[in-house]
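**Student:** Structure: entry-v4.csv, CSV, C-alpha atoms.
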chain,number,residue,atom,x,y,z
A,1,MET,CA,112.2,73.6,105.2
A,2,SER,CA,109.3,76.0,105.3
A,3,ARG,CA,109.0,79.0,103.0
A,4,ARG,CA,110.1,82.3,104.5
A,5,GLY,CA,107.4,83.7,106.9
A,6,GLU,CA,105.2,80.6,106.6
A,7,ASN,CA,104.9,77.5,108.8
A,8,ILE,CA,104.3,75.1,105.9
A,9,TYR,CA,106.4,72.0,105.5
A,10,LYS,CA,106.4,69.1,103.1
A,11,ARG,CA,106.1,65.8,104.9
A,12,LYS,CA,107.8,62.5,104.1
A,13,ASP,CA,104.5,61.1,102.9
A,14,GLY,CA,104.2,63.8,100.2
A,15,ARG,CA,101.6,65.8,101.9
A,16,TYR,CA,102.0,69.4,103.1
A,17,GLU,CA,101.6,70.3,106.7
A,18,GLY,CA,100.7,73.8,108.0
A,19,ARG,CA,100.8,74.8,111.7
A,20,TYR,CA,99.4,77.8,113.5
A,21,VAL,CA,99.6,78.9,117.1
A,22,ILE,CA,96.5,78.1,119.3
A,23,GLY,CA,97.8,79.1,122.7
A,24,LYS,CA,100.2,78.3,125.5
A,25,THR,CA,100.6,75.3,127.8
A,26,GLU,CA,100.7,75.7,131.6
A,27,ASN,CA,104.5,75.8,131.5
A,28,GLY,CA,104.5,78.5,128.8
A,29,ARG,CA,105.2,76.3,125.8
A,30,THR,CA,103.5,77.2,122.5
A,31,ARG,CA,100.6,75.0,121.4
A,32,PHE,CA,100.1,74.5,117.7
A,33,GLY,CA,97.1,73.4,115.5
A,34,TYR,CA,97.7,71.6,112.2
A,35,VAL,CA,96.2,71.4,108.7
A,36,TYR,CA,97.1,69.0,105.9
A,37,ALA,CA,96.7,68.8,102.1
A,38,ARG,CA,98.3,67.3,99.0
A,39,GLN,CA,98.9,70.7,97.5
A,40,TYR,CA,100.9,73.6,98.9
A,41,GLN,CA,98.2,76.2,98.0
A,42,GLN,CA,95.5,74.1,99.6
A,43,VAL,CA,97.4,74.1,102.9
A,44,ARG,CA,98.1,77.8,102.7
A,45,TYR,CA,94.4,78.5,102.1
A,46,LYS,CA,93.4,76.3,105.1
A,47,LEU,CA,96.0,78.0,107.2
A,48,MET,CA,94.6,81.4,106.4
A,49,GLN,CA,91.1,80.2,107.2
A,50,LYS,CA,92.3,79.0,110.6
A,51,LYS,CA,94.2,82.3,111.3
A,52,ALA,CA,91.1,84.3,110.3
A,53,GLU,CA,88.9,82.3,112.7
A,54,GLN,CA,91.4,83.0,115.4
A,55,MET,CA,91.6,86.6,114.7
A,56,LYS,CA,87.9,87.0,114.8
A,57,LEU,CA,87.8,85.1,118.1
A,58,GLU,CA,90.5,87.3,119.5
A,59,GLY,CA,88.7,90.3,118.3
A,60,GLY,CA,85.5,89.4,120.0
A,61,LYS,CA,87.1,88.2,123.3
A,62,ALA,CA,90.2,90.2,123.8
A,63,GLN,CA,90.6,92.9,121.3
A,64,ALA,CA,93.3,94.6,123.3
A,65,GLN,CA,95.6,91.6,122.7
A,66,ILE,CA,95.7,92.0,118.9
A,67,SER,CA,98.5,94.3,117.8
A,68,LEU,CA,98.3,96.4,114.6
A,69,ALA,CA,101.4,94.6,113.3
A,70,LYS,CA,99.8,91.2,113.6
A,71,MET,CA,96.6,92.4,112.0
A,72,MET,CA,98.3,94.1,109.1
A,73,ARG,CA,100.5,91.1,108.3
A,74,PHE,CA,97.4,89.0,108.2
A,75,TRP,CA,95.6,91.6,106.0
A,76,LEU,CA,98.6,91.6,103.6
A,77,GLU,CA,98.8,87.9,103.2
A,78,SER,CA,95.0,87.1,103.1
A,79,GLU,CA,93.8,90.0,101.0
A,80,LEU,CA,96.6,91.4,98.9
A,81,LEU,CA,99.1,88.7,98.2
A,82,GLY,CA,98.3,87.4,94.7
A,83,ALA,CA,95.6,90.0,94.2
A,84,VAL,CA,97.9,92.8,93.2
A,85,LYS,CA,101.1,93.0,91.1
A,86,VAL,CA,104.3,91.8,92.8
A,87,SER,CA,105.8,95.3,92.5
A,88,THR,CA,102.7,96.8,94.1
A,89,TYR,CA,102.7,94.3,97.0
A,90,ASN,CA,106.4,95.0,97.6
A,91,THR,CA,105.7,98.7,97.7
A,92,TYR,CA,102.9,98.2,100.2
A,93,VAL,CA,105.1,96.0,102.4
A,94,ARG,CA,108.0,98.6,102.3
A,95,LEU,CA,105.7,101.5,103.2
A,96,ILE,CA,104.2,99.6,106.1
A,97,ASP,CA,107.5,98.3,107.4
A,98,ARG,CA,109.2,101.7,107.1
A,99,HIS,CA,106.4,104.1,108.3
A,100,VAL,CA,103.6,102.3,110.1
A,101,LEU,CA,105.0,99.4,112.1
A,102,PRO,CA,108.0,101.3,113.8
A,103,THR,CA,105.5,103.7,115.3
A,104,LEU,CA,102.2,101.9,115.6
A,105,GLY,CA,103.1,98.2,115.2
A,106,SER,CA,103.0,97.3,118.9
A,107,CYS,CA,99.8,99.2,119.6
A,108,ALA,CA,96.6,97.2,120.3
A,109,LEU,CA,93.8,97.8,117.8
A,110,SER,CA,91.7,99.2,120.7
A,111,GLN,CA,94.2,102.0,121.1
A,112,LEU,CA,93.8,103.3,117.6
A,113,THR,CA,91.3,106.1,118.1
A,114,PRO,CA,90.7,108.8,115.5
A,115,SER,CA,92.8,111.3,117.5
A,116,PHE,CA,95.6,108.7,117.8
A,117,VAL,CA,95.6,108.2,114.0
A,118,LEU,CA,95.4,111.9,113.3
A,119,SER,CA,98.5,112.5,115.6
A,120,PHE,CA,100.3,109.8,113.6
A,121,VAL,CA,99.5,111.5,110.3
A,122,GLN,CA,100.5,114.9,111.6
A,123,LYS,CA,103.9,113.5,112.7
A,124,MET,CA,104.5,112.1,109.2
A,125,GLU,CA,103.7,115.4,107.7
A,126,ALA,CA,106.0,117.3,110.1
A,127,SER,CA,108.8,114.8,109.4
A,128,GLY,CA,109.2,116.1,105.9
A,129,LEU,CA,107.7,113.2,104.0
A,130,SER,CA,106.1,114.1,100.7
A,131,TYR,CA,102.4,114.5,100.4
A,132,ALA,CA,102.2,111.4,98.1
A,133,THR,CA,104.0,109.2,100.7
A,134,VAL,CA,101.9,110.4,103.6
A,135,LYS,CA,98.7,109.8,101.5
A,136,SER,CA,99.9,106.3,100.5
A,137,VAL,CA,100.8,105.3,104.0
A,138,TYR,CA,97.5,106.6,105.4
A,139,ARG,CA,95.5,104.9,102.6
A,140,LEU,CA,97.1,101.5,103.5
A,141,LEU,CA,96.4,102.0,107.2
A,142,SER,CA,92.8,103.0,106.4
A,143,CYS,CA,92.3,99.9,104.2
A,144,ALA,CA,93.7,97.6,106.8
A,145,MET,CA,91.4,99.1,109.5
A,146,ARG,CA,88.4,98.7,107.2
A,147,PHE,CA,89.4,95.0,106.8
A,148,ALA,CA,89.7,94.7,110.6
A,149,LEU,CA,86.2,96.2,111.0
A,150,GLU,CA,84.7,93.8,108.4
A,151,GLU,CA,86.4,90.8,110.2
A,152,GLY,CA,84.9,91.9,113.6
A,153,MET,CA,88.2,92.8,115.2
A,154,ILE,CA,87.2,96.4,115.9
A,155,GLN,CA,83.8,98.1,116.4
A,156,LYS,CA,84.7,101.3,114.5
A,157,ASN,CA,87.2,102.3,111.9
A,158,PRO,CA,89.4,105.1,113.4
A,159,CYS,CA,90.5,106.3,110.0
A,160,LYS,CA,87.0,106.8,108.6
A,161,LYS,CA,86.6,110.6,109.0
A,162,ILE,CA,90.3,111.7,108.7
A,163,ARG,CA,91.2,113.5,105.6
A,164,ILE,CA,94.7,114.2,104.3
A,165,GLN,CA,95.0,117.8,103.2
A,166,SER,CA,96.3,118.1,99.7
A,167,LYS,CA,99.3,120.2,98.9
A,168,GLU,CA,100.4,121.9,95.7
A,169,ALA,CA,102.4,119.4,93.7
A,170,PRO,CA,106.0,120.4,93.2
A,171,GLN,CA,107.0,121.5,89.7
A,172,GLN,CA,108.8,118.7,87.9
A,173,ARG,CA,112.4,119.4,86.8
A,174,VAL,CA,112.5,119.7,83.0
A,175,LEU,CA,115.4,120.2,80.8
A,176,SER,CA,115.7,123.6,79.2
A,177,GLN,CA,115.9,123.6,75.4
A,178,ALA,CA,119.6,124.5,75.6
A,179,GLU,CA,120.2,121.6,78.1
A,180,GLN,CA,118.3,119.2,75.9
A,181,ARG,CA,120.3,120.1,72.8
A,182,ARG,CA,123.6,119.6,74.7
A,183,LEU,CA,122.4,116.3,76.1
A,184,CYS,CA,121.2,115.1,72.6
A,185,ASP,CA,124.5,116.0,71.0
A,186,ALA,CA,126.5,114.2,73.7
A,187,ALA,CA,124.3,111.2,73.7
A,188,GLN,CA,124.6,110.8,69.9
A,189,CYS,CA,128.4,111.1,70.1
A,190,ARG,CA,128.6,108.5,72.8
A,191,GLY,CA,126.0,106.1,71.5
A,192,ASP,CA,123.7,106.6,74.5
A,193,PHE,CA,120.6,105.5,72.7
A,194,SER,CA,118.6,104.8,75.8
A,195,THR,CA,118.7,108.5,76.7
A,196,LEU,CA,117.7,109.5,73.2
A,197,LEU,CA,114.9,107.0,73.0
A,198,SER,CA,113.3,108.3,76.3
A,199,LEU,CA,113.8,111.9,75.3
A,200,TYR,CA,111.9,111.4,72.0
A,201,THR,CA,109.3,108.8,73.0
A,202,GLY,CA,108.6,109.5,76.7
A,203,LEU,CA,109.3,105.9,77.6
A,204,ARG,CA,109.7,105.2,81.3
A,205,LEU,CA,113.0,103.7,82.5
A,206,GLY,CA,111.5,100.2,83.2
A,207,GLU,CA,109.8,100.2,79.8
A,208,ILE,CA,113.1,101.0,78.0
A,209,CYS,CA,114.9,98.2,80.0
A,210,ALA,CA,112.2,95.7,78.9
A,211,LEU,CA,112.0,96.7,75.3
A,212,LYS,CA,112.6,93.9,72.8
A,213,TRP,CA,113.5,94.0,69.2
A,214,ALA,CA,110.3,92.2,68.4
A,215,ASP,CA,108.4,95.3,69.9
A,216,ILE,CA,109.7,97.5,67.0
A,217,ASP,CA,107.7,97.7,63.8
A,218,TRP,CA,110.2,98.9,61.3
A,219,ASP,CA,107.7,99.4,58.5
A,220,LYS,CA,105.2,101.4,60.5
A,221,HIS,CA,107.9,103.3,62.4
A,222,THR,CA,106.4,102.4,65.8
A,223,LEU,CA,107.3,100.5,68.9
A,224,THR,CA,104.8,98.8,71.3
A,225,VAL,CA,105.1,99.0,75.1
A,226,ARG,CA,104.2,95.5,76.4
A,227,ARG,CA,106.2,95.1,79.6
A,228,THR,CA,108.3,96.8,82.2
A,229,VAL,CA,111.4,95.9,84.3
A,230,GLN,CA,111.8,96.7,88.0
A,231,ARG,CA,114.4,95.8,90.6
A,232,LEU,CA,112.3,94.6,93.6
A,233,GLU,CA,113.1,93.4,97.1
A,234,ASN,CA,113.4,89.6,97.1
A,235,TYR,CA,111.3,88.6,100.0
A,236,GLY,CA,111.7,84.9,99.2
A,237,ALA,CA,115.5,85.1,99.2
A,238,ARG,CA,117.5,82.5,101.1
A,239,PRO,CA,119.8,83.7,103.9
A,240,GLY,CA,122.9,85.2,102.3
A,241,GLY,CA,121.2,85.3,98.9
A,242,PRO,CA,120.5,88.4,96.8
A,243,LYS,CA,118.3,90.9,98.5
A,244,THR,CA,116.8,92.2,95.2
A,245,ALA,CA,115.9,90.7,91.9
A,246,LEU,CA,115.0,91.9,88.4
A,247,MET,CA,111.3,91.4,87.7
A,248,ILE,CA,109.7,91.6,84.3
A,249,GLY,CA,106.0,92.3,84.4
A,250,ALA,CA,103.0,94.0,82.8
A,251,PRO,CA,103.2,97.8,82.2
A,252,LYS,CA,102.3,100.2,85.0
A,253,SER,CA,98.6,100.3,83.9
A,254,ALA,CA,96.3,99.2,81.1
A,255,CYS,CA,96.9,102.6,79.4
A,256,SER,CA,100.6,102.1,79.7
A,257,HIS,CA,100.3,99.3,77.1
A,258,ARG,CA,100.6,101.6,74.0
A,259,VAL,CA,101.9,102.0,70.5
A,260,ILE,CA,104.3,105.0,70.1
A,261,PRO,CA,105.6,106.5,66.8
A,262,VAL,CA,109.4,106.7,66.6
A,263,PRO,CA,111.2,109.6,64.9
A,264,GLU,CA,113.1,108.5,61.8
A,265,PHE,CA,116.5,109.5,63.1
A,266,ILE,CA,115.9,107.4,66.3
A,267,LEU,CA,114.7,104.5,64.2
A,268,ALA,CA,117.8,104.7,62.0
A,269,GLN,CA,120.0,104.4,65.1
A,270,LEU,CA,118.0,101.5,66.5
A,271,ARG,CA,118.4,99.7,63.1
A,272,SER,CA,122.1,100.2,63.3
A,273,MET,CA,122.1,98.7,66.8
A,274,TRP,CA,120.0,95.8,65.6
A,275,THR,CA,122.5,94.8,62.9
A,276,LYS,CA,125.2,94.6,65.6
A,277,ALA,CA,123.1,93.0,68.3
A,278,GLY,CA,123.3,89.4,66.9
A,279,GLN,CA,120.8,87.2,68.6
A,280,THR,CA,120.0,89.3,71.7
A,281,GLU,CA,116.4,89.5,72.6
A,282,PHE,CA,116.3,92.8,74.5
A,283,VAL,CA,117.3,96.1,72.9
A,284,PHE,CA,119.4,97.3,75.8
A,285,GLY,CA,120.0,94.0,77.6
A,286,ALA,CA,122.8,91.4,77.2
A,287,SER,CA,122.8,87.6,76.9
A,288,GLN,CA,119.1,87.4,76.6
A,289,ARG,CA,118.5,89.4,79.8
A,290,ALA,CA,116.8,92.7,80.2
A,291,ALA,CA,118.8,95.7,81.1
A,292,ASP,CA,119.1,96.7,84.8
A,293,PRO,CA,117.4,100.0,85.5
A,294,ARG,CA,120.2,100.9,88.0
A,295,THR,CA,122.8,100.5,85.2
A,296,ILE,CA,121.0,102.8,82.8
A,297,GLN,CA,120.2,105.4,85.5
A,298,ARG,CA,123.9,105.5,86.6
A,299,HIS,CA,125.0,105.9,83.0
A,300,PHE,CA,122.6,108.8,82.4
A,301,GLN,CA,123.6,110.4,85.7
A,302,ARG,CA,127.3,110.2,84.8
A,303,LEU,CA,126.6,111.9,81.4
A,304,ALA,CA,124.5,114.6,83.0
A,305,ASN,CA,127.1,115.4,85.6
A,306,GLN,CA,129.8,115.6,82.9
A,307,LEU,CA,127.7,118.1,81.0
A,308,GLY,CA,127.0,120.2,84.2
A,309,ILE,CA,123.3,119.4,84.1
A,310,HIS,CA,122.3,119.0,87.7
A,311,GLY,CA,119.1,118.1,89.6
A,312,VAL,CA,118.0,115.6,87.0
A,313,HIS,CA,117.4,111.8,86.8
A,314,PHE,CA,116.3,109.5,84.0
A,315,HIS,CA,112.6,110.3,84.5
A,316,THR,CA,113.5,114.0,83.8
A,317,LEU,CA,113.7,112.9,80.1
A,318,ARG,CA,110.1,111.8,80.2
A,319,HIS,CA,109.0,115.1,81.7
A,320,SER,CA,111.0,117.0,79.1
A,321,PHE,CA,109.4,115.0,76.3
A,322,ALA,CA,105.9,115.9,77.5
A,323,THR,CA,106.9,119.6,78.1
A,324,ARG,CA,108.4,120.0,74.6
A,325,LEU,CA,105.2,118.6,73.0
A,326,LEU,CA,103.0,121.0,75.0
A,327,GLU,CA,105.3,123.9,74.0
A,328,LEU,CA,104.8,122.9,70.4
A,329,GLY,CA,101.0,123.2,70.8
A,330,VAL,CA,100.2,119.4,70.8
A,331,ASP,CA,96.9,118.9,72.5
A,332,VAL,CA,96.8,117.4,76.0
A,333,LYS,CA,94.8,114.3,75.0
A,334,THR,CA,97.5,113.3,72.5
A,335,VAL,CA,100.3,113.9,75.0
A,336,SER,CA,98.4,111.9,77.7
A,337,ALA,CA,98.1,109.0,75.3
A,338,LEU,CA,101.7,109.0,74.3
A,339,LEU,CA,102.7,109.0,78.0
A,340,GLY,CA,100.4,106.2,78.8
A,341,HIS,CA,98.5,108.1,81.5
A,342,GLY,CA,95.3,106.7,82.8
A,343,SER,CA,93.4,110.0,82.2
A,344,VAL,CA,94.0,113.5,80.9
A,345,LYS,CA,93.7,114.8,84.4
A,346,VAL,CA,96.9,113.1,85.4
A,347,THR,CA,98.7,114.9,82.5
A,348,LEU,CA,97.1,118.2,83.5
A,349,ASP,CA,98.2,117.8,87.1
A,350,PHE,CA,101.8,117.1,86.1
A,351,TYR,CA,102.3,119.7,83.4
A,352,ALA,CA,100.0,122.6,84.4
A,353,HIS,CA,103.1,124.9,84.4
A,354,SER,CA,103.7,124.2,80.7
A,355,LEU,CA,100.0,124.8,79.8
A,356,PHE,CA,100.1,128.1,81.7
A,357,ASP,CA,103.0,129.2,79.5
A,358,GLN,CA,100.8,128.4,76.4
A,359,LYS,CA,97.9,130.3,77.9
A,360,GLN,CA,100.1,133.3,78.6
A,361,ALA,CA,101.5,133.3,75.0
A,362,ALA,CA,98.0,133.0,73.6
A,363,VAL,CA,96.8,136.0,75.6
A,364,GLU,CA,99.8,138.0,74.4
A,365,ARG,CA,99.1,137.1,70.8
A,366,LEU,CA,95.5,138.2,71.3
A,367,SER,CA,96.5,141.6,72.7
A,368,ALA,CA,98.8,142.2,69.7
A,369,TYR,CA,96.0,141.2,67.3
The structure in this file should be written as structure tokens.
**Tutor:**
Amino acid sequence: MSRRGENIYKRKDGRYEGRYVIGKTENGRTRFGYVYARQYQQVRYKLMQKKAEQMKLEGGKAQAQISLAKMMRFWLESELLGAVKVSTYNTYVRLIDRHVLPTLGSCALSQLTPSFVLSFVQKMEASGLSYATVKSVYRLLSCAMRFALEEGMIQKNPCKKIRIQSKEAPQQRVLSQAEQRRLCDAAQCRGDFSTLLSLYTGLRLGEICALKWADIDWDKHTLTVRRTVQRLENYGARPGGPKTALMIGAPKSACSHRVIPVPEFILAQLRSMWTKAGQTEFVFGASQRAADPRTIQRHFQRLANQLGIHGVHFHTLRHSFATRLLELGVDVKTVSALLGHGSVKVTLDFYAHSLFDQKQAAVERLSAY
């Protein structure tokens, strides 16, 4: 049986056989070409080469016959698969399947003029999609069209001169100091240590789920972020199998791999958990398995609802952690490092409202001097 989405089979003689469409017979039946190799990856590479040759040929002879859907699938498989993180690849596929292909998938590449693409972008904006989503979808389309240009499938990139107009980023929901005190008290009473840990370290949900006891340095009072957990679409699933799967991978970026100081009272609670954990590997998992982000998110949501704290999700804890530090006068560079941001600019963009409060307080102090 071939792997899902690929015409690659293992033959009885031990070799792998890959087939690709080369045309139609006079009676309309599909004609195939074949490649062979001892290794699966070798056949897959040969198959991609053959498909690339065909795409170039079609681009030169009958550009109108190549659909955007066909080109983007080829671009994903030949350029991105294996070159980016699995979670990133799945995000790209989801964005393309959800926003690009339903509208533009059947269009021939020759139809995609700048005005056509601009109209597509404007419709996305009018539909209420966030600026970040519109920008991400457009960037994927632009990269795919640049690839088509390099491969000789089109003569000009219709996305080249189109610019997505930036919008003011929405202010992030942050717990008030009163809400945070109520949440802390309830979390401690109920033993909800994942909530407390995020609120006092700024860890992301996936980083908390992937935290192992070995990541905690009890002597130095620190923990190290080395991995993250995500629930991703399982594109290789068998019919009737699970549609999603837990994936443990590297942190979000190189900067996300970081060492974070842990407050003493949090460390004491973690040590108490550790003595009861037995031989478990993950801090919040069970039976040597990482915790499921959905489980922790649901648990937090239930606690917040019971306390009457609305409009929040687990990531709100991270925002609140950063905001409290800025309110205490901690410099932005330190906050950025603790959050694992790639640059101080990212922190500034997210928490400009908190910094403004500091500036306002500083001016008031100056006027009273």
**Student:** Quick one: pull the distance between CA of Leu183 in chain A and CA of Leu205 in chain A, Å, one decimal.
**Tutor:**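 Atom-to-atom, CA of Leu183 in chain A to CA of Leu205 in chain A, that is 17.0 Å.
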**Student:** Of the candidates A:Ile8, A:Leu175, A:Val363, A:Leu326, which one gets nearest to Gln42 in chain A if we count only C-alpha atoms?
**Tutor:**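 So, comparing all the options, the nearest one is A:Ile8.
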**Student:** Each residue of range 192-248 of chain A with at least one atom at most 6 Å from range 254-273 of chain A should appear once, together with its nearest atom pair and the corresponding distance in Å (one decimal); atoms considered: all atoms listed in the file; ordering: chain, then increasing residue number; output as JSON lines.
**Tutor:**
{"residue": "A:His221", "atom": "CA", "partner": "A:Val262", "partner_atom": "CA", "distance": 5.6}
{"residue": "A:Thr222", "atom": "CA", "partner": "A:Pro261", "partner_atom": "CA", "distance": 4.3}
{"residue": "A:Leu223", "atom": "CA", "partner": "A:Ile260", "partner_atom": "CA", "distance": 5.5}
{"residue": "A:Thr224", "atom": "CA", "partner": "A:Val259", "partner_atom": "CA", "distance": 4.4}
{"residue": "A:Val225", "atom": "CA", "partner": "A:His257", "partner_atom": "CA", "distance": 5.2}
{"residue": "A:Arg226", "atom": "CA", "partner": "A:His257", "partner_atom": "CA", "distance": 5.5}
**Student:** Report, in Å with one decimal, the straight-line distance from CA of Leu232 in chain A to CA of Pro293 in chain A.
**Tutor:**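 The value is 11.0 Å.
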**Student:** Which residues are near range 329-336 of chain A? Cut-off 9 Å, all atoms listed in the file, ignore same chain within fewer than 2 positions. Put them as a list of chain:residue names.
**Tutor:**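 Residues near the query, excluding close chain neighbours: A:Ala322, A:Arg324, A:Leu325, A:Leu326, A:Glu327, A:Leu338, A:Leu339, A:Gly340, A:His341, A:Gly342, A:Ser343, A:Val344, A:Lys345, A:Val346, A:Thr347, A:Leu348, A:Leu355, A:Gln358.
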**Student:** Counting all atoms listed in the file, which of A:Ala187, A:Leu118, A:Leu95, A:Leu47 gets nearest to Lys161 in chain A?
**Tutor:**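 That would be A:Leu118, the residue with the smallest distance to Lys161 in chain A.
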**Student:** Could you check which of A:Arg94, A:Arg139, A:Arg19, A:Arg318 is closest to Lys51 in chain A, using all atoms listed in the file?
**Tutor:**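 Smallest distance to Lys51 in chain A is found for A:Arg19.
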**Student:** Please determine, counting only C-alpha atoms, which residue among A:Ala290, A:Ala37, A:Leu196, A:Leu211 has the shortest atom-to-atom distance to Met247 in chain A.
**Tutor:**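 Counting only C-alpha atoms, the residue closest to Met247 in chain A is A:Ala290.
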**Student:** Contacts of Gln49 in chain A at 12 Å or less, counting all atoms listed in the file, minus same-chain residues fewer than 5 places along, as a PyMOL selection string?
**Tutor:** chain A and resi 18-20+34-35+42-44+54-56+74+77-79+151
**Student:** For CA of Phe314 in chain A and CA of Gln297 in chain A, quote the distance in Å rounded to one decimal.
**Tutor:** 5.9 Å
**Student:** From the list A:Cys189, A:Ile208, A:Ser176, A:Arg182, which residue is nearest Phe321 in chain A when using only C-alpha atoms?
**Tutor:**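 The shortest atom-to-atom distance to Phe321 in chain A comes from A:Ser176.
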**Student:** May I ask which of the residues A:Val21, A:Leu203, A:Val86, A:Cys184 is the closest one to Leu246 in chain A, counting all atoms listed in the file?
**Tutor:** A:Val86
**Student:** The residues within 8 Å of (111.1, 118.0, 84.4), using all atoms listed in the file and the coordinates of the file, should be reported as a ChimeraX atom specification; which are they?
**Tutor:** /A:171-175,312,315-320,323
**Student:** At the level of N, CA, C and O atoms, write range 142-155 of chain A to a file as an mmCIF file, in the first residue's frame, please.
**Tutor:**
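Contents of the output file out-v3.cif:
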data_model
loop_
_atom_site.group_PDB
_atom_site.id
_atom_site.type_symbol
_atom_site.label_atom_id
_atom_site.label_comp_id
_atom_site.auth_asym_id
_atom_site.auth_seq_id
_atom_site.Cartn_x
_atom_site.Cartn_y
_atom_site.Cartn_z
ATOM 1 N N SER A 142 2.468 34.212 -1.948
ATOM 2 C CA SER A 142 3.569 34.923 -2.600
ATOM 3 C C SER A 142 4.798 34.035 -2.764
ATOM 4 O O SER A 142 5.444 34.024 -3.813
ATOM 5 N N CYS A 143 5.128 33.269 -1.725
ATOM 6 C CA CYS A 143 6.288 32.370 -1.794
ATOM 7 C C CYS A 143 6.067 31.286 -2.855
ATOM 8 O O CYS A 143 6.988 30.922 -3.596
ATOM 9 N N ALA A 144 4.849 30.755 -2.916
ATOM 10 C CA ALA A 144 4.538 29.725 -3.903
ATOM 11 C C ALA A 144 4.639 30.281 -5.321
ATOM 12 O O ALA A 144 5.164 29.617 -6.230
ATOM 13 N N MET A 145 4.167 31.511 -5.525
ATOM 14 C CA MET A 145 4.235 32.116 -6.860
ATOM 15 C C MET A 145 5.676 32.460 -7.236
ATOM 16 O O MET A 145 6.049 32.389 -8.409
ATOM 17 N N ARG A 146 6.483 32.813 -6.249
ATOM 18 C CA ARG A 146 7.900 33.058 -6.534
ATOM 19 C C ARG A 146 8.579 31.764 -6.975
ATOM 20 O O ARG A 146 9.417 31.752 -7.885
ATOM 21 N N PHE A 147 8.194 30.664 -6.328
ATOM 22 C CA PHE A 147 8.702 29.348 -6.730
ATOM 23 C C PHE A 147 8.274 29.024 -8.164
ATOM 24 O O PHE A 147 9.072 28.528 -8.969
ATOM 25 N N ALA A 148 7.002 29.304 -8.487
ATOM 26 C CA ALA A 148 6.496 29.041 -9.845
ATOM 27 C C ALA A 148 7.269 29.850 -10.876
ATOM 28 O O ALA A 148 7.555 29.361 -11.978
ATOM 29 N N LEU A 149 7.641 31.078 -10.516
ATOM 30 C CA LEU A 149 8.432 31.921 -11.425
ATOM 31 C C LEU A 149 9.819 31.330 -11.643
ATOM 32 O O LEU A 149 10.308 31.250 -12.775
ATOM 33 N N GLU A 150 10.449 30.904 -10.542
ATOM 34 C CA GLU A 150 11.795 30.311 -10.645
ATOM 35 C C GLU A 150 11.792 29.024 -11.461
ATOM 36 O O GLU A 150 12.771 28.706 -12.137
ATOM 37 N N GLU A 151 10.676 28.270 -11.405
ATOM 38 C CA GLU A 151 10.573 27.004 -12.133
ATOM 39 C C GLU A 151 10.086 27.190 -13.570
ATOM 40 O O GLU A 151 9.915 26.218 -14.298
ATOM 41 N N GLY A 152 9.852 28.414 -13.979
ATOM 42 C CA GLY A 152 9.444 28.680 -15.360
ATOM 43 C C GLY A 152 7.979 28.417 -15.639
ATOM 44 O O GLY A 152 7.581 28.309 -16.802
ATOM 45 N N MET A 153 7.148 28.322 -14.601
ATOM 46 C CA MET A 153 5.726 28.065 -14.816
ATOM 47 C C MET A 153 4.955 29.343 -15.153
ATOM 48 O O MET A 153 3.888 29.291 -15.753
ATOM 49 N N ILE A 154 5.462 30.485 -14.702
ATOM 50 C CA ILE A 154 4.845 31.772 -15.006
ATOM 51 C C ILE A 154 5.935 32.751 -15.429
ATOM 52 O O ILE A 154 7.117 32.524 -15.173
ATOM 53 N N GLN A 155 5.529 33.838 -16.052
ATOM 54 C CA GLN A 155 6.489 34.831 -16.525
ATOM 55 C C GLN A 155 6.699 35.960 -15.518
ATOM 56 O O GLN A 155 7.756 36.572 -15.472
#
